[in-house]
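One file, structure19.csv, carrying CSV, C-alpha atoms:
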chain,number,residue,atom,x,y,z
A,1,MET,CA,0.0,0.0,0.0
A,2,THR,CA,1.3,3.5,-0.9
A,3,THR,CA,1.4,6.0,1.9
A,4,PRO,CA,-2.0,7.6,2.3
A,5,SER,CA,-2.1,11.3,1.5
A,6,SER,CA,-3.8,12.0,4.8
A,7,LEU,CA,-0.8,10.5,6.7
A,8,LYS,CA,1.6,12.5,4.6
A,9,ILE,CA,-0.3,15.7,5.4
A,10,ILE,CA,-0.3,15.1,9.1
A,11,ARG,CA,3.5,14.4,9.1
A,12,ASP,CA,4.2,17.4,6.9
A,13,GLU,CA,2.2,19.6,9.2
A,14,HIS,CA,4.0,18.2,12.2
A,15,SER,CA,7.3,19.0,10.6
A,16,THR,CA,6.3,22.5,9.8
A,17,LEU,CA,5.0,23.1,13.4
A,18,ALA,CA,8.1,21.6,15.0
A,19,ALA,CA,10.4,23.8,12.8
A,20,MET,CA,8.4,26.9,13.9
A,21,LEU,CA,8.4,25.9,17.5
A,22,LYS,CA,12.2,25.3,17.6
A,23,SER,CA,12.9,28.5,15.7
A,24,THR,CA,10.7,30.5,18.0
A,25,ARG,CA,12.6,28.9,21.0
A,26,MET,CA,15.9,29.9,19.4
A,27,LEU,CA,14.6,33.5,19.0
A,28,VAL,CA,13.4,33.7,22.6
A,29,GLU,CA,16.8,32.3,23.9
A,30,ARG,CA,18.6,34.9,21.7
A,31,GLY,CA,16.4,37.8,23.1
A,32,PRO,CA,15.9,41.3,21.7
A,33,GLN,CA,19.6,42.2,21.6
A,34,ASP,CA,19.9,45.5,19.7
A,35,ASP,CA,16.6,45.3,17.8
A,36,PRO,CA,13.7,45.1,20.3
A,37,LYS,CA,11.1,46.3,17.8
A,38,GLY,CA,12.2,43.7,15.2
A,39,PHE,CA,12.4,41.0,17.9
A,40,PHE,CA,8.9,41.6,19.3
A,41,ASP,CA,7.4,41.9,15.8
A,42,VAL,CA,8.9,38.6,14.6
A,43,LEU,CA,8.1,36.8,17.9
A,44,ARG,CA,4.5,38.0,17.8
A,45,ALA,CA,4.2,36.8,14.1
A,46,MET,CA,5.7,33.4,15.1
A,47,LEU,CA,3.2,33.0,18.0
A,48,PHE,CA,0.4,34.1,15.8
A,49,TYR,CA,1.4,31.4,13.3
A,50,ILE,CA,1.6,28.8,16.1
A,51,GLU,CA,-1.8,29.7,17.2
A,52,GLU,CA,-3.5,29.9,13.9
A,53,PHE,CA,-2.1,27.1,11.8
A,54,PRO,CA,-2.8,24.2,14.2
A,55,GLU,CA,-6.1,25.5,15.5
A,56,ARG,CA,-7.7,26.2,12.1
A,57,LEU,CA,-5.9,23.7,9.8
A,58,HIS,CA,-4.2,20.9,11.7
A,59,HIS,CA,-6.1,20.0,14.9
A,60,PRO,CA,-9.5,19.6,13.3
A,61,LYS,CA,-8.2,17.0,11.0
A,62,GLU,CA,-6.8,15.0,13.9
A,63,THR,CA,-9.7,15.4,16.4
A,64,GLU,CA,-12.6,15.1,13.9
A,65,LEU,CA,-11.2,12.7,11.3
A,66,LEU,CA,-8.2,10.7,12.3
A,67,PHE,CA,-8.6,10.1,16.1
A,68,PRO,CA,-12.1,8.6,16.0
A,69,ARG,CA,-11.1,6.1,13.4
A,70,VAL,CA,-7.9,5.1,15.3
A,71,ALA,CA,-9.8,4.9,18.6
A,72,ALA,CA,-12.4,2.6,17.0
A,73,ALA,CA,-9.8,0.4,15.3
A,74,ALA,CA,-7.3,0.3,18.3
A,75,PRO,CA,-9.2,0.8,21.6
A,76,ASP,CA,-5.9,0.7,23.5
A,77,THR,CA,-5.1,4.2,22.0
A,78,ILE,CA,-8.2,5.8,23.6
A,79,ALA,CA,-6.4,7.1,26.7
A,80,SER,CA,-3.7,8.7,24.5
A,81,ILE,CA,-6.2,10.2,22.2
A,82,THR,CA,-8.1,11.6,25.1
A,83,ARG,CA,-4.9,13.3,26.3
A,84,LEU,CA,-4.1,14.6,22.9
A,85,ASP,CA,-7.6,16.1,22.5
A,86,HIS,CA,-7.2,17.7,25.9
A,87,ASP,CA,-3.8,19.1,24.7
A,88,HIS,CA,-5.5,20.6,21.7
A,89,GLU,CA,-7.9,22.4,23.9
A,90,TYR,CA,-5.1,23.5,26.3
A,91,THR,CA,-2.7,24.7,23.6
A,92,GLU,CA,-5.4,27.0,22.1
A,93,LYS,CA,-5.7,28.9,25.3
A,94,ALA,CA,-2.0,28.7,26.3
A,95,VAL,CA,-0.8,30.4,23.1
A,96,ARG,CA,-3.2,33.3,23.7
A,97,ASP,CA,-1.8,33.5,27.3
A,98,LEU,CA,1.7,33.6,25.8
A,99,LEU,CA,0.7,36.4,23.5
A,100,HIS,CA,-0.5,38.4,26.5
A,101,LEU,CA,2.8,37.7,28.4
A,102,LEU,CA,4.7,38.8,25.3
A,103,VAL,CA,2.9,42.1,25.2
A,104,ALA,CA,3.6,42.5,28.9
A,105,TRP,CA,7.3,41.9,28.4
A,106,GLU,CA,7.3,44.3,25.4
A,107,MET,CA,5.4,47.1,27.2
A,108,MET,CA,6.7,46.6,30.8
A,109,GLY,CA,10.2,45.6,30.1
A,110,GLU,CA,12.7,43.2,31.5
A,111,PRO,CA,10.8,42.4,34.8
A,112,ARG,CA,8.2,40.6,32.7
A,113,ARG,CA,10.7,38.6,30.6
A,114,GLU,CA,11.1,35.7,33.0
A,115,ALA,CA,7.3,35.0,33.2
A,116,PHE,CA,7.1,34.8,29.4
A,117,THR,CA,10.3,32.7,28.9
A,118,GLN,CA,9.3,30.1,31.5
A,119,THR,CA,5.7,29.8,30.3
A,120,PHE,CA,7.0,29.6,26.7
A,121,LYS,CA,9.5,26.9,27.5
A,122,ARG,CA,6.8,24.8,29.2
A,123,TYR,CA,4.5,25.4,26.2
A,124,VAL,CA,7.1,24.3,23.6
A,125,ASP,CA,8.1,21.2,25.6
A,126,LEU,CA,4.4,20.2,25.9
A,127,TYR,CA,3.7,20.8,22.2
A,128,LEU,CA,6.8,18.8,21.0
A,129,SER,CA,5.9,16.0,23.4
A,130,HIS,CA,2.3,16.1,22.1
A,131,MET,CA,3.5,15.7,18.5
A,132,ARG,CA,6.0,13.0,19.5
A,133,MET,CA,3.1,11.0,21.1
A,134,GLU,CA,1.1,11.3,17.9
A,135,GLU,CA,4.1,10.2,15.8
A,136,GLU,CA,5.1,7.3,18.1
A,137,GLU,CA,1.7,6.0,19.2
A,138,ILE,CA,-1.2,7.2,17.2
A,139,LEU,CA,0.2,7.2,13.7
A,140,PRO,CA,1.8,3.7,14.0
A,141,ALA,CA,-1.5,2.4,15.3
A,142,ALA,CA,-3.3,4.0,12.4
A,143,VAL,CA,-0.9,2.4,9.9
A,144,LYS,CA,-1.2,-1.0,11.7
A,145,TYR,CA,-5.0,-1.1,12.3
A,146,LEU,CA,-6.8,1.1,9.7
A,147,THR,CA,-8.1,-0.6,6.6
A,148,PRO,CA,-7.6,0.6,3.1
A,149,GLU,CA,-11.2,1.7,3.2
A,150,ASP,CA,-10.4,3.8,6.3
A,151,TRP,CA,-7.5,5.4,4.6
A,152,LYS,CA,-9.6,6.1,1.5
A,153,ALA,CA,-12.2,7.8,3.6
A,154,LEU,CA,-9.6,9.8,5.5
A,155,ASP,CA,-7.9,10.8,2.3
A,156,GLU,CA,-11.2,12.0,0.9
A,157,ALA,CA,-12.2,13.8,4.1
A,158,PHE,CA,-8.8,15.5,4.2
A,159,GLU,CA,-9.2,16.6,0.6
A,160,ALA,CA,-12.8,17.8,1.3
A,161,ASN,CA,-11.4,19.7,4.3
A,162,ARG,CA,-8.8,21.3,2.1
A,163,GLU,CA,-11.4,22.2,-0.5
A,164,THR,CA,-13.7,23.8,2.1
A,165,MET,CA,-10.8,25.8,3.6
A,166,THR,CA,-9.7,26.8,0.1
A,167,LYS,CA,-13.1,28.3,-0.6
A,168,GLN,CA,-12.9,30.3,2.6
A,169,GLN,CA,-9.4,31.7,2.1
A,170,SER,CA,-6.8,29.3,0.7
A,171,PRO,CA,-5.3,28.8,4.2
A,172,ASP,CA,-2.4,26.6,3.0
A,173,LYS,CA,-1.2,29.4,0.8
A,174,ALA,CA,-1.9,32.1,3.4
A,175,TYR,CA,0.1,30.2,6.0
A,176,ASP,CA,2.9,29.4,3.6
A,177,GLU,CA,3.1,33.2,2.9
A,178,LEU,CA,3.1,34.0,6.6
A,179,PHE,CA,5.8,31.3,7.2
A,180,SER,CA,7.9,32.8,4.4
A,181,ARG,CA,7.5,36.4,5.8
A,182,ILE,CA,8.6,35.2,9.2
A,183,VAL,CA,11.7,33.4,7.8
A,184,ARG,CA,12.6,36.6,5.9
A,185,ALA,CA,12.2,38.8,9.0
A,186,ALA,CA,13.7,36.6,11.6
A,187,PRO,CA,17.4,37.3,12.4
A,188,ALA,CA,20.0,34.8,11.2
A,189,PRO,CA,20.6,32.0,11.9
A,190,ILE,CA,16.9,31.6,12.8
A,191,GLY,CA,15.8,33.1,9.5
A,192,LEU,CA,17.3,35.1,6.7
A,193,GLY,CA,17.1,38.4,8.6
Spell out the structure here as structure tokens.
Amino acid sequence: MTTPSSLKIIRDEHSTLAAMLKSTRMLVERGPQDDPKGFFDVLRAMLFYIEEFPERLHHPKETELLFPRVAAAAPDTIASITRLDHDHEYTEKAVRDLLHLLVAWEMMGEPRREAFTQTFKRYVDLYLSHMRMEEEEILPAAVKYLTPEDWKALDEAFEANRETMTKQQSPDKAYDELFSRIVRAAPAPIGLG
């Protein structure tokens, strides 16, 4: 069996998200240095991407399409899927909290930096652990237990999801453009800056 397109999409999106999370972490560790305005502008754009891309494009495909089929085919994954769905709910609020902490740091200065950096570190660690659990537990279970009919239905549903989103705004293209803008604006070696 060839690799289902839905599985490729999930893995590609994980790769993109992991790259953005790791780049954002590098930027936070680097700090504002001699360009606070540029730093905060790029960091805000990165957090916006991290909030928007998964919540609008990635998580719905997992929660609504993939996870129910995997849970039905492999009941031993239900506890992990429950945790992953809870993570999806948590990360949506957590990134908005991070944006608030970022604005506090930008507006109130250094005394607010530590609150942002510690919260951000926990967020990135959780998110990378979340994707690792999907990659190491859920996707292998999907490959092992889902039938060709399941994969056909998932591929069709992912394509229908993409078509629906395309009619709304072509999110793949919009997020690709945002990703490119961030890479161009981020300082080297994080981006091309």
Counting all atoms listed in the file, which residue out of A:Phe116, A:Val28, A:Asp176, A:Thr77 sits closest to A:Thr16? A:Asp176
Please, which residues are within 12 Å of (-3.9, 33.7, 22.1) by the file's coordinates, counting all atoms listed in the file, and could they come as a PyMOL selection string? chain A and resi 44-52+55+90-103
Nearest to A:Glu156: which of A:Ala19, A:Ala73, A:Leu27, A:Leu65 is it, counting all atoms listed in the file?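 Answer, going by the shortest atom-to-atom distance: A:Leu65.
The closest residue to A:Leu43, picked from A:Asp76, A:Glu137, A:Glu106, A:Glu13 and counting only C-alpha atoms, is A:Glu106.
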Taking (15.3, 36.0, 11.8) in the file's own coordinates, collect the residues within 12 Å, counting all atoms listed in the file, and hand them back as a PyMOL selection string. chain A and resi 20+23-28+30-32+35+38-43+45-46+179-193
Which value, in Å to one decimal, gives the distance between atom CA of A:Arg69 and atom CA of A:Pro54? 19.9 Å
Record the distance separating atom CA of A:Lys61 and atom CA of A:Leu139, expressed in Å with one decimal.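 It comes out at 13.2 Å.
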I'd like the neighbourhood of A:Pro140 as a count of residues only, where a residue qualifies if any of its atoms comes within 12 Å (using all atoms listed in the file), though same-chain residues fewer than 4 positions away should be ignored. 13
What is the distance between atom CA of A:Pro4 and atom CA of A:Trp151, in Å to one decimal?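 Separation between atom CA of A:Pro4 and atom CA of A:Trp151: 6.4 Å.
Comparing the minimum interatomic distances between A:Ile81 and each of A:Glu64, A:Glu29, A:Glu159, A:Asp150, counting all atoms listed in the file, we find that A:Glu64 sits nearest.
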Counting all atoms listed in the file, figure out which residue out of A:Glu110, A:Asp125, A:Asp85, A:Asp12 gets nearest to A:Pro68.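 Residue with the minimum atom-to-atom distance to A:Pro68: A:Asp85.
Between A:Val124 and the residues A:Leu21, A:Lys8, A:His14, A:Phe158, the shortest atom-to-atom distance, using only C-alpha atoms, involves A:Leu21.
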Just stretch 31-46 of chain A from the block, all heavy atoms, as an mmCIF file, in the first residue's frame, could you?
data_model
loop_
_atom_site.group_PDB
_atom_site.id
_atom_site.type_symbol
_atom_site.label_atom_id
_atom_site.label_comp_id
_atom_site.auth_asym_id
_atom_site.auth_seq_id
_atom_site.Cartn_x
_atom_site.Cartn_y
_atom_site.Cartn_z
ATOM 1 N N GLY A 31 16.919 36.521 22.475
ATOM 2 C CA GLY A 31 16.441 37.770 23.073
ATOM 3 C C GLY A 31 16.467 38.926 22.098
ATOM 4 O O GLY A 31 16.871 38.789 20.947
ATOM 5 N N PRO A 32 16.030 40.093 22.569
ATOM 6 C CA PRO A 32 15.892 41.260 21.695
ATOM 7 C C PRO A 32 17.211 41.838 21.187
ATOM 8 O O PRO A 32 17.233 42.481 20.137
ATOM 9 C CB PRO A 32 15.175 42.290 22.575
ATOM 10 C CG PRO A 32 14.693 41.577 23.766
ATOM 11 C CD PRO A 32 15.477 40.312 23.894
ATOM 12 N N GLN A 33 18.284 41.631 21.915
ATOM 13 C CA GLN A 33 19.592 42.198 21.580
ATOM 14 C C GLN A 33 19.462 43.682 21.234
ATOM 15 O O GLN A 33 18.877 44.443 21.985
ATOM 16 C CB GLN A 33 20.276 41.366 20.499
ATOM 17 C CG GLN A 33 20.587 39.967 21.002
ATOM 18 C CD GLN A 33 21.402 39.141 20.048
ATOM 19 O OE1 GLN A 33 21.689 39.529 18.936
ATOM 20 N NE2 GLN A 33 21.808 37.968 20.505
ATOM 21 N N ASP A 34 19.952 44.089 20.066
ATOM 22 C CA ASP A 34 19.937 45.518 19.732
ATOM 23 C C ASP A 34 18.760 45.914 18.836
ATOM 24 O O ASP A 34 18.738 47.020 18.306
ATOM 25 C CB ASP A 34 21.272 45.919 19.073
ATOM 26 C CG ASP A 34 21.542 45.156 17.790
ATOM 27 O OD1 ASP A 34 20.817 44.173 17.507
ATOM 28 O OD2 ASP A 34 22.484 45.527 17.066
ATOM 29 N N ASP A 35 17.781 45.019 18.673
ATOM 30 C CA ASP A 35 16.616 45.338 17.838
ATOM 31 C C ASP A 35 15.325 44.880 18.515
ATOM 32 O O ASP A 35 14.661 43.954 18.056
ATOM 33 C CB ASP A 35 16.750 44.662 16.467
ATOM 34 C CG ASP A 35 15.616 45.024 15.514
ATOM 35 O OD1 ASP A 35 14.896 46.013 15.762
ATOM 36 O OD2 ASP A 35 15.446 44.288 14.513
ATOM 37 N N PRO A 36 14.943 45.544 19.625
ATOM 38 C CA PRO A 36 13.739 45.093 20.325
ATOM 39 C C PRO A 36 12.485 45.138 19.461
ATOM 40 O O PRO A 36 11.667 44.223 19.523
ATOM 41 C CB PRO A 36 13.623 46.039 21.519
ATOM 42 C CG PRO A 36 14.816 46.902 21.517
ATOM 43 C CD PRO A 36 15.617 46.635 20.289
ATOM 44 N N LYS A 37 12.326 46.173 18.652
ATOM 45 C CA LYS A 37 11.120 46.251 17.819
ATOM 46 C C LYS A 37 11.042 45.076 16.858
ATOM 47 O O LYS A 37 10.022 44.405 16.750
ATOM 48 C CB LYS A 37 11.065 47.564 17.047
ATOM 49 C CG LYS A 37 9.783 47.663 16.213
ATOM 50 C CD LYS A 37 9.751 48.889 15.357
ATOM 51 C CE LYS A 37 8.523 49.020 14.505
ATOM 52 N NZ LYS A 37 7.766 47.848 14.172
ATOM 53 N N GLY A 38 12.137 44.810 16.155
ATOM 54 C CA GLY A 38 12.165 43.683 15.228
ATOM 55 C C GLY A 38 11.948 42.366 15.947
ATOM 56 O O GLY A 38 11.212 41.492 15.467
ATOM 57 N N PHE A 39 12.567 42.207 17.100
ATOM 58 C CA PHE A 39 12.419 40.988 17.896
ATOM 59 C C PHE A 39 10.961 40.741 18.250
ATOM 60 O O PHE A 39 10.422 39.659 18.014
ATOM 61 C CB PHE A 39 13.273 41.102 19.168
ATOM 62 C CG PHE A 39 13.015 40.019 20.178
ATOM 63 C CD1 PHE A 39 13.595 38.772 20.039
ATOM 64 C CD2 PHE A 39 12.180 40.248 21.266
ATOM 65 C CE1 PHE A 39 13.365 37.763 20.974
ATOM 66 C CE2 PHE A 39 11.945 39.251 22.204
ATOM 67 C CZ PHE A 39 12.532 38.011 22.053
ATOM 68 N N PHE A 40 10.313 41.744 18.845
ATOM 69 C CA PHE A 40 8.929 41.552 19.270
ATOM 70 C C PHE A 40 7.990 41.382 18.082
ATOM 71 O O PHE A 40 7.045 40.589 18.139
ATOM 72 C CB PHE A 40 8.479 42.692 20.195
ATOM 73 C CG PHE A 40 9.072 42.598 21.569
ATOM 74 C CD1 PHE A 40 10.042 43.498 21.994
ATOM 75 C CD2 PHE A 40 8.692 41.597 22.447
ATOM 76 C CE1 PHE A 40 10.606 43.404 23.260
ATOM 77 C CE2 PHE A 40 9.239 41.481 23.721
ATOM 78 C CZ PHE A 40 10.204 42.392 24.120
ATOM 79 N N ASP A 41 8.249 42.087 16.989
ATOM 80 C CA ASP A 41 7.412 41.927 15.793
ATOM 81 C C ASP A 41 7.493 40.497 15.253
ATOM 82 O O ASP A 41 6.477 39.871 14.953
ATOM 83 C CB ASP A 41 7.827 42.913 14.690
ATOM 84 C CG ASP A 41 7.418 44.345 14.991
ATOM 85 O OD1 ASP A 41 6.631 44.575 15.934
ATOM 86 O OD2 ASP A 41 7.906 45.247 14.269
ATOM 87 N N VAL A 42 8.713 39.977 15.131
ATOM 88 C CA VAL A 42 8.898 38.617 14.608
ATOM 89 C C VAL A 42 8.335 37.588 15.582
ATOM 90 O O VAL A 42 7.630 36.651 15.178
ATOM 91 C CB VAL A 42 10.383 38.327 14.294
ATOM 92 C CG1 VAL A 42 10.605 36.847 13.990
ATOM 93 C CG2 VAL A 42 10.857 39.174 13.126
ATOM 94 N N LEU A 43 8.594 37.760 16.868
ATOM 95 C CA LEU A 43 8.110 36.808 17.863
ATOM 96 C C LEU A 43 6.583 36.787 17.896
ATOM 97 O O LEU A 43 5.968 35.725 17.972
ATOM 98 C CB LEU A 43 8.687 37.138 19.234
ATOM 99 C CG LEU A 43 8.459 36.124 20.348
ATOM 100 C CD1 LEU A 43 8.834 34.706 19.922
ATOM 101 C CD2 LEU A 43 9.246 36.526 21.585
ATOM 102 N N ARG A 44 5.971 37.949 17.787
ATOM 103 C CA ARG A 44 4.510 38.015 17.752
ATOM 104 C C ARG A 44 3.972 37.281 16.510
ATOM 105 O O ARG A 44 2.997 36.533 16.589
ATOM 106 C CB ARG A 44 4.066 39.482 17.756
ATOM 107 C CG ARG A 44 2.710 39.720 18.335
ATOM 108 C CD ARG A 44 2.304 41.188 18.484
ATOM 109 N NE ARG A 44 3.160 42.193 17.905
ATOM 110 C CZ ARG A 44 4.141 42.839 18.553
ATOM 111 N NH1 ARG A 44 4.402 42.567 19.800
ATOM 112 N NH2 ARG A 44 4.856 43.754 17.927
ATOM 113 N N ALA A 45 4.610 37.468 15.372
ATOM 114 C CA ALA A 45 4.188 36.784 14.137
ATOM 115 C C ALA A 45 4.343 35.267 14.284
ATOM 116 O O ALA A 45 3.480 34.501 13.838
ATOM 117 C CB ALA A 45 4.993 37.298 12.944
ATOM 118 N N MET A 46 5.430 34.845 14.913
ATOM 119 C CA MET A 46 5.651 33.404 15.112
ATOM 120 C C MET A 46 4.575 32.816 16.018
ATOM 121 O O MET A 46 4.023 31.746 15.728
ATOM 122 C CB MET A 46 7.048 33.156 15.692
ATOM 123 C CG MET A 46 8.172 33.479 14.729
ATOM 124 S SD MET A 46 9.791 33.456 15.533
ATOM 125 C CE MET A 46 10.565 32.108 14.635
#
